[in-house]
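I have placed the structure first, in the form of C-alpha cells, so that the comments after it can refer back to it.
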There are 2 protein chains.
Amino acid sequence: MAHTSKKKIRASHQDTRGLILKTGLNLFTTRGYFNTSIHDIRAEADISIGSIYHYFKGKEAIAKALYDDLVNSMNKEITDIISTNDSVRECSRALVHYLFSMTDNSPITTEFMLHAKHREFMPDEPPFCSTEPFEMIKALVERGIAQGEIREMDSIVATTCLFGPAFRYILLHLDGTVKGPLEPYVDAIWSTSWRGVKQ
Amino acid sequence: MAHTSKKKIRASHQDTRGLILKTGLNLFTTRGYFNTSIHDIRAEADISIGSIYHYFKGKEAIAKALYDDLVNSMNKEITDIISTNDSVRECSRALVHYLFSMTDNSPITTEFMLHAKHREFMPDEPPFCSTEPFEMIKALVERGIAQGEIREMDSIVATTCLFGPAFRYILLHLDGTVKGPLEPYVDAIWSTSWRGVKQ
DNA sequence: GTCTATATAGTGATAGAC
DNA sequence: GTCTATCACTATATAGAC
C-alpha cells in the first residue's frame with residue numbers, strides 16, 4: 001500500500017531539471033549554499049541522487065545554471081525598463097520599483113541574486129556588480145550626466161548614490177530588519193536618492 | 001607588586017590565540033568561511049591542530065570570537081564619533097570617513113564585518129544590521145529628524161538614504177569593481193547623500 | 001531517466017604523549 | 001601548551017541495475 005503514493009507527488013512537474021533548480025534555489029538561499037548538500041536537495045525534491053547527476057555535473061553546476069538564468073532574466077527586464085522610459089529620472093524610478101517588486105514577489109530569487117556571495121561557490125565567475133545588468137545601469141547614469149539631468153560627478157559615485165539606498169533597503173528587508181512589503185517605499189527611497197544627484 | 005613582563009617563549013608570536021584569530025580572519029575573508037578548514041588555518045599559522053583546539057572550542061568559536069571583537073571595536077569607534085561631533089551633519093560625514101578609512105586600512109576586517117553572511121556560519125547570531133553600531137546610527141538619524149536637520153521622513157528610509165551609498169561603495173570596492181583608496185571619495189559620496197536627506 | 005549502493009576524499013573534532 | 005596520530009562522520013561524485 002505504501003507503494004501506491006510513490007508517483008503522485010510528481011504529477012505537478014514533468015520537468016525534473018526544473019524541479020532540481022527550484023529546490024536548489026530554495027535551499028541555497030534559505031540555508032546557504034554550503035549548508036545545503038546534494039542529499040538535501042535530493043530529499044527535498046523527493047528524487048534520487050542519480051537523477052540530479054543526470055541533469056547536472058554537480059552541485060556547483062546547479063548554482064551556475066540558476067545564476068545564469070537569473071542574470072539573463074534581470075538583464076531582459078532592465079533592458080526593457082530602460083528602453084521604455086525616456087528620461088533618466090523616470091528610468092531610475094522604474095528600476096527601483098522593479099527591484100522592490102521583485103523582492104516582494106520572489107524574495108528568494110532576489111536574495112540569491114543580490115545578497116549571495118557567488119564567488120565563494122562559483123570561483124570563476126566575475127563579481128556580480130560587473131555583470132551586464134549593472135553595466136547598463138551605469139551607462140544610464142552616464143547618459144544622465146551627459147544630458148544634464150544629473151549633476152556633473154564621477155559616474156560610479158552617481159550610480160552608487162542613486163541606487164545604493166535601494167539596494168541597501170532590500171538588504172535590510174532580506175535580513176529581516178525591515179518588515180512588510182517594500183513597494184510602498186519606492187517613492188520615499190527613490191525621490192530622496194534622486195534629490196541627491198539631480199541637477 | 002613585582003611586575004614581570006609576559007613570557008615569550010616564541011619570539012615571533014607570544015600570543016598563539018591572537019595568531020589563530022588573525023589567520024582565521026584572513027582565510028575566512030579571502031576564501032570564505034566554508035572554504036576554509038581547521039587544517040587550512042593550522043597550516044597557514046604553522047601551528048598544530050591541538051593548539052587550535054586548546055584555545056577554541058571549534059571552528060565556529062573562532063569566527064564568533066572575531067565577530068564579537070570587531071563588533072565591540074566598531075561600537076566604541078562609532079560611539080566616539082557620535083559623541084565628539086555636534087551636528088548630525090558632521091557626525092554622518094565623520095562616520096562615512098571612518099568606514100572608508102577602515103576599508104582602506106583593513107579591507108579584510110571590513111569585508112568580514114560588512115559583507116560576510118554571518119548567519120550562515122553563526123546561526124544563533126542576530127543579523128548584523130540589528131547590532132548596536134547600527135542601532136546607534138539609526139538613533140542619530142532620528143535625532144537629526146527631531147531637531148530639523150533632516151527632513152521629516154521614515155527614519156529607516158532616511159538612514160538608508162544617508163548611509164546606503166557609502167555601504168554600497170565599500171561593497172563595490174571589496175568586490176574589486178572600484179579600485180584605489182576610498183578616502184578621496186568621502187566627500188563626493190557623503191555630500192550627495194546628505195543633499196538627499198537634509199532639510 | 002531514474003534508481004540504489006558504494007567509492008573516495010576531506011571535514012571537524014578527540015586522545016594522549018611530551 | 002603544543003604536538004602527532006587518528007577518529008567518526010559527511011560530502012561529492014560514480015557505477016551499474018532496471
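Chain labels run A, B, ... following the order of the C-alpha cells; each chain numbers its residues from 1, and ligands are numbered from 1 in the order shown.
Taken over all Cα atoms in order, the superposition of chain B onto chain A returns an RMSD of 5.3 Å.
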**Asked** What residues in chain D lie within 12 Å of chain B, counting only C-alpha atoms (C1' of nucleotides), written as a ChimeraX atom specification?
**Response** /D:1-5
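The list of chain C residues within 12 Å of chain B is C:DG10, C:DT11, C:DG12, C:DA13, C:DT14, C:DA15, C:DG16; this uses only C-alpha atoms (C1' of nucleotides).
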For Phe112 of chain A: contacts at 9 Å, only C-alpha atoms (C1' of nucleotides), fewer than 5 positions along chain excluded, given as a PDB file with all heavy atoms, in the first residue's frame:
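Output file around24.pdb is given in full below:
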```
ATOM      1  N   LEU A  25      17.472  26.435  -5.556  1.00  0.00           N
ATOM      2  CA  LEU A  25      17.360  27.866  -5.245  1.00  0.00           C
ATOM      3  C   LEU A  25      16.800  28.082  -3.849  1.00  0.00           C
ATOM      4  O   LEU A  25      17.325  28.867  -3.067  1.00  0.00           O
ATOM      5  CB  LEU A  25      16.460  28.543  -6.288  1.00  0.00           C
ATOM      6  CG  LEU A  25      16.166  30.021  -6.065  1.00  0.00           C
ATOM      7  CD1 LEU A  25      17.437  30.846  -6.097  1.00  0.00           C
ATOM      8  CD2 LEU A  25      15.179  30.543  -7.112  1.00  0.00           C
ATOM      9  N   PHE A  28      19.464  26.799  -1.229  1.00  0.00           N
ATOM     10  CA  PHE A  28      20.673  27.637  -1.240  1.00  0.00           C
ATOM     11  C   PHE A  28      20.423  28.967  -0.527  1.00  0.00           C
ATOM     12  O   PHE A  28      21.283  29.468   0.202  1.00  0.00           O
ATOM     13  CB  PHE A  28      21.128  27.918  -2.671  1.00  0.00           C
ATOM     14  CG  PHE A  28      21.708  26.722  -3.379  1.00  0.00           C
ATOM     15  CD1 PHE A  28      21.842  26.707  -4.767  1.00  0.00           C
ATOM     16  CD2 PHE A  28      22.137  25.603  -2.674  1.00  0.00           C
ATOM     17  CE1 PHE A  28      22.377  25.601  -5.423  1.00  0.00           C
ATOM     18  CE2 PHE A  28      22.673  24.492  -3.320  1.00  0.00           C
ATOM     19  CZ  PHE A  28      22.791  24.499  -4.705  1.00  0.00           C
ATOM     20  N   THR A  29      19.261  29.537  -0.760  1.00  0.00           N
ATOM     21  CA  THR A  29      19.030  30.860  -0.182  1.00  0.00           C
ATOM     22  C   THR A  29      18.574  30.787   1.269  1.00  0.00           C
ATOM     23  O   THR A  29      18.938  31.635   2.067  1.00  0.00           O
ATOM     24  CB  THR A  29      18.007  31.661  -0.993  1.00  0.00           C
ATOM     25  OG1 THR A  29      16.873  30.850  -1.230  1.00  0.00           O
ATOM     26  CG2 THR A  29      18.598  32.078  -2.319  1.00  0.00           C
ATOM     27  N   TYR A  67      22.159  30.882 -11.583  1.00  0.00           N
ATOM     28  CA  TYR A  67      22.734  32.215 -11.707  1.00  0.00           C
ATOM     29  C   TYR A  67      22.589  32.740 -13.131  1.00  0.00           C
ATOM     30  O   TYR A  67      22.133  33.863 -13.352  1.00  0.00           O
ATOM     31  CB  TYR A  67      24.201  32.142 -11.298  1.00  0.00           C
ATOM     32  CG  TYR A  67      24.931  33.450 -11.269  1.00  0.00           C
ATOM     33  CD1 TYR A  67      24.695  34.369 -10.259  1.00  0.00           C
ATOM     34  CD2 TYR A  67      25.871  33.762 -12.241  1.00  0.00           C
ATOM     35  CE1 TYR A  67      25.382  35.568 -10.217  1.00  0.00           C
ATOM     36  CE2 TYR A  67      26.567  34.956 -12.210  1.00  0.00           C
ATOM     37  CZ  TYR A  67      26.313  35.856 -11.196  1.00  0.00           C
ATOM     38  OH  TYR A  67      26.997  37.038 -11.154  1.00  0.00           O
ATOM     39  N   PRO A 107      11.286  36.943  -3.042  1.00  0.00           N
ATOM     40  CA  PRO A 107      12.412  37.322  -2.185  1.00  0.00           C
ATOM     41  C   PRO A 107      13.578  36.342  -2.286  1.00  0.00           C
ATOM     42  O   PRO A 107      14.732  36.746  -2.182  1.00  0.00           O
ATOM     43  CB  PRO A 107      11.804  37.327  -0.772  1.00  0.00           C
ATOM     44  CG  PRO A 107      10.525  36.585  -0.876  1.00  0.00           C
ATOM     45  CD  PRO A 107      10.040  36.756  -2.275  1.00  0.00           C
ATOM     46  N   LYS A 117      27.034  35.449  -1.899  1.00  0.00           N
ATOM     47  CA  LYS A 117      28.430  35.680  -2.248  1.00  0.00           C
ATOM     48  C   LYS A 117      28.836  34.644  -3.293  1.00  0.00           C
ATOM     49  O   LYS A 117      29.479  33.636  -2.990  1.00  0.00           O
ATOM     50  CB  LYS A 117      29.304  35.564  -1.004  1.00  0.00           C
ATOM     51  CG  LYS A 117      28.827  36.485   0.116  1.00  0.00           C
ATOM     52  CD  LYS A 117      29.900  36.654   1.173  1.00  0.00           C
ATOM     53  CE  LYS A 117      31.017  37.516   0.638  1.00  0.00           C
ATOM     54  NZ  LYS A 117      32.150  37.610   1.589  1.00  0.00           N
ATOM     55  N   HIS A 118      28.472  34.959  -4.513  1.00  0.00           N
ATOM     56  CA  HIS A 118      28.616  33.968  -5.583  1.00  0.00           C
ATOM     57  C   HIS A 118      30.025  33.433  -5.740  1.00  0.00           C
ATOM     58  O   HIS A 118      30.230  32.277  -6.056  1.00  0.00           O
ATOM     59  CB  HIS A 118      28.139  34.579  -6.900  1.00  0.00           C
ATOM     60  CG  HIS A 118      26.763  35.121  -6.843  1.00  0.00           C
ATOM     61  ND1 HIS A 118      26.486  36.473  -6.837  1.00  0.00           N
ATOM     62  CD2 HIS A 118      25.576  34.502  -6.747  1.00  0.00           C
ATOM     63  CE1 HIS A 118      25.191  36.662  -6.759  1.00  0.00           C
ATOM     64  NE2 HIS A 118      24.607  35.490  -6.698  1.00  0.00           N
TER      65      HIS A 118
END
```
Check every residue of chain A for an atom within 6 Å of chain B, counting only C-alpha atoms, and provide those that qualify as an mmCIF file with C-alpha atoms, in the first residue's frame.
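Final output, iface.cif:
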```
data_model
loop_
_atom_site.group_PDB
_atom_site.id
_atom_site.type_symbol
_atom_site.label_atom_id
_atom_site.label_comp_id
_atom_site.auth_asym_id
_atom_site.auth_seq_id
_atom_site.Cartn_x
_atom_site.Cartn_y
_atom_site.Cartn_z
ATOM 1 C CA THR A 160 26.063 54.408 -6.090
ATOM 2 C CA CYS A 161 24.203 57.394 -4.671
ATOM 3 C CA GLY A 164 22.745 52.376 -3.248
ATOM 4 C CA PRO A 165 19.857 53.219 -0.915
ATOM 5 C CA ARG A 168 20.577 48.701 0.979
ATOM 6 C CA THR A 192 15.425 61.053 -1.736
ATOM 7 C CA SER A 193 18.157 59.408 -3.764
ATOM 8 C CA ARG A 195 17.269 64.602 -4.889
ATOM 9 C CA GLY A 196 20.912 63.938 -4.092
#
```
**Request:** Can you work out the spacing between atom CA of Met122 of chain B and atom CA of Met102 of chain B in Å, to one decimal?
**Result:** 23.7 Å
**12 Å contact set for DA17 of chain D, only C-alpha atoms (C1' of nucleotides), chain neighbours under 4 positions out, as a PyMOL selection string** = chain C and resi 2-5
Requested write-out: all heavy atoms of the selected residues, as a PDB file, in the first residue's frame:
```pdb
ATOM      1  P    DT C   2      13.918  11.564 -14.930  1.00  0.00           P
ATOM      2  OP1  DT C   2      12.553  12.111 -14.839  1.00  0.00           O
ATOM      3  OP2  DT C   2      15.090  12.453 -14.908  1.00  0.00           O
ATOM      4  O5'  DT C   2      14.076  10.487 -13.774  1.00  0.00           O
ATOM      5  C5'  DT C   2      13.128   9.443 -13.672  1.00  0.00           C
ATOM      6  C4'  DT C   2      13.683   8.314 -12.838  1.00  0.00           C
ATOM      7  O4'  DT C   2      14.768   7.683 -13.548  1.00  0.00           O
ATOM      8  C3'  DT C   2      14.305   8.762 -11.513  1.00  0.00           C
ATOM      9  O3'  DT C   2      13.408   8.466 -10.439  1.00  0.00           O
ATOM     10  C2'  DT C   2      15.607   7.955 -11.407  1.00  0.00           C
ATOM     11  C1'  DT C   2      15.534   7.012 -12.589  1.00  0.00           C
ATOM     12  N1   DT C   2      16.865   6.693 -13.191  1.00  0.00           N
ATOM     13  C2   DT C   2      17.356   5.418 -13.096  1.00  0.00           C
ATOM     14  O2   DT C   2      16.762   4.519 -12.525  1.00  0.00           O
ATOM     15  N3   DT C   2      18.585   5.211 -13.678  1.00  0.00           N
ATOM     16  C4   DT C   2      19.347   6.160 -14.339  1.00  0.00           C
ATOM     17  O4   DT C   2      20.435   5.858 -14.821  1.00  0.00           O
ATOM     18  C5   DT C   2      18.776   7.474 -14.413  1.00  0.00           C
ATOM     19  C7   DT C   2      19.525   8.578 -15.098  1.00  0.00           C
ATOM     20  C6   DT C   2      17.568   7.689 -13.837  1.00  0.00           C
ATOM     21  P    DC C   3      13.846   8.694  -8.941  1.00  0.00           P
ATOM     22  OP1  DC C   3      12.630   8.691  -8.099  1.00  0.00           O
ATOM     23  OP2  DC C   3      14.735   9.862  -8.936  1.00  0.00           O
ATOM     24  O5'  DC C   3      14.706   7.387  -8.608  1.00  0.00           O
ATOM     25  C5'  DC C   3      14.035   6.172  -8.308  1.00  0.00           C
ATOM     26  C4'  DC C   3      15.020   5.011  -8.252  1.00  0.00           C
ATOM     27  O4'  DC C   3      15.885   5.053  -9.402  1.00  0.00           O
ATOM     28  C3'  DC C   3      15.986   5.059  -7.077  1.00  0.00           C
ATOM     29  O3'  DC C   3      15.378   4.471  -5.933  1.00  0.00           O
ATOM     30  C2'  DC C   3      17.165   4.232  -7.580  1.00  0.00           C
ATOM     31  C1'  DC C   3      17.087   4.356  -9.100  1.00  0.00           C
ATOM     32  N1   DC C   3      18.223   5.108  -9.712  1.00  0.00           N
ATOM     33  C2   DC C   3      19.403   4.428 -10.059  1.00  0.00           C
ATOM     34  O2   DC C   3      19.477   3.216  -9.807  1.00  0.00           O
ATOM     35  N3   DC C   3      20.424   5.104 -10.626  1.00  0.00           N
ATOM     36  C4   DC C   3      20.293   6.411 -10.877  1.00  0.00           C
ATOM     37  N4   DC C   3      21.324   7.035 -11.455  1.00  0.00           N
ATOM     38  C5   DC C   3      19.109   7.131 -10.537  1.00  0.00           C
ATOM     39  C6   DC C   3      18.107   6.450  -9.960  1.00  0.00           C
ATOM     40  P    DT C   4      16.034   4.709  -4.497  1.00  0.00           P
ATOM     41  OP1  DT C   4      14.995   4.400  -3.484  1.00  0.00           O
ATOM     42  OP2  DT C   4      16.686   6.022  -4.497  1.00  0.00           O
ATOM     43  O5'  DT C   4      17.170   3.591  -4.431  1.00  0.00           O
ATOM     44  C5'  DT C   4      16.863   2.227  -4.747  1.00  0.00           C
ATOM     45  C4'  DT C   4      18.118   1.386  -4.627  1.00  0.00           C
ATOM     46  O4'  DT C   4      19.075   1.784  -5.651  1.00  0.00           O
ATOM     47  C3'  DT C   4      18.852   1.498  -3.296  1.00  0.00           C
ATOM     48  O3'  DT C   4      19.321   0.208  -2.921  1.00  0.00           O
ATOM     49  C2'  DT C   4      19.982   2.468  -3.597  1.00  0.00           C
ATOM     50  C1'  DT C   4      20.305   2.134  -5.054  1.00  0.00           C
ATOM     51  N1   DT C   4      20.865   3.270  -5.847  1.00  0.00           N
ATOM     52  C2   DT C   4      22.014   3.091  -6.572  1.00  0.00           C
ATOM     53  O2   DT C   4      22.641   2.049  -6.604  1.00  0.00           O
ATOM     54  N3   DT C   4      22.433   4.194  -7.271  1.00  0.00           N
ATOM     55  C4   DT C   4      21.813   5.437  -7.322  1.00  0.00           C
ATOM     56  O4   DT C   4      22.288   6.346  -7.991  1.00  0.00           O
ATOM     57  C5   DT C   4      20.613   5.551  -6.540  1.00  0.00           C
ATOM     58  C7   DT C   4      19.861   6.847  -6.516  1.00  0.00           C
ATOM     59  C6   DT C   4      20.191   4.486  -5.839  1.00  0.00           C
ATOM     60  P    DA C   5      20.020   0.000  -1.496  1.00  0.00           P
ATOM     61  OP1  DA C   5      19.571  -1.294  -0.975  1.00  0.00           O
ATOM     62  OP2  DA C   5      19.873   1.213  -0.668  1.00  0.00           O
ATOM     63  O5'  DA C   5      21.544  -0.132  -1.938  1.00  0.00           O
ATOM     64  C5'  DA C   5      21.881  -0.906  -3.081  1.00  0.00           C
ATOM     65  C4'  DA C   5      23.376  -0.788  -3.344  1.00  0.00           C
ATOM     66  O4'  DA C   5      23.638   0.420  -4.087  1.00  0.00           O
ATOM     67  C3'  DA C   5      24.230  -0.703  -2.073  1.00  0.00           C
ATOM     68  O3'  DA C   5      25.386  -1.509  -2.248  1.00  0.00           O
ATOM     69  C2'  DA C   5      24.552   0.774  -1.963  1.00  0.00           C
ATOM     70  C1'  DA C   5      24.635   1.175  -3.420  1.00  0.00           C
ATOM     71  N9   DA C   5      24.359   2.588  -3.679  1.00  0.00           N
ATOM     72  C8   DA C   5      23.371   3.365  -3.148  1.00  0.00           C
ATOM     73  N7   DA C   5      23.366   4.605  -3.578  1.00  0.00           N
ATOM     74  C5   DA C   5      24.437   4.646  -4.466  1.00  0.00           C
ATOM     75  C6   DA C   5      24.975   5.673  -5.264  1.00  0.00           C
ATOM     76  N6   DA C   5      24.475   6.907  -5.289  1.00  0.00           N
ATOM     77  N1   DA C   5      26.048   5.365  -6.033  1.00  0.00           N
ATOM     78  C2   DA C   5      26.540   4.120  -5.999  1.00  0.00           C
ATOM     79  N3   DA C   5      26.120   3.078  -5.304  1.00  0.00           N
ATOM     80  C4   DA C   5      25.054   3.413  -4.542  1.00  0.00           C
TER      81       DA C   5
END
```
**Item:** alpha helix (DSSP H) call set, DSSP backbone run, segment 29-175 of chain B, as an MDAnalysis selection string
**Value:** chainID B and resid 29:31 38:45 49:55 59:83 88:105 107:110 118:121 132:146 155:175
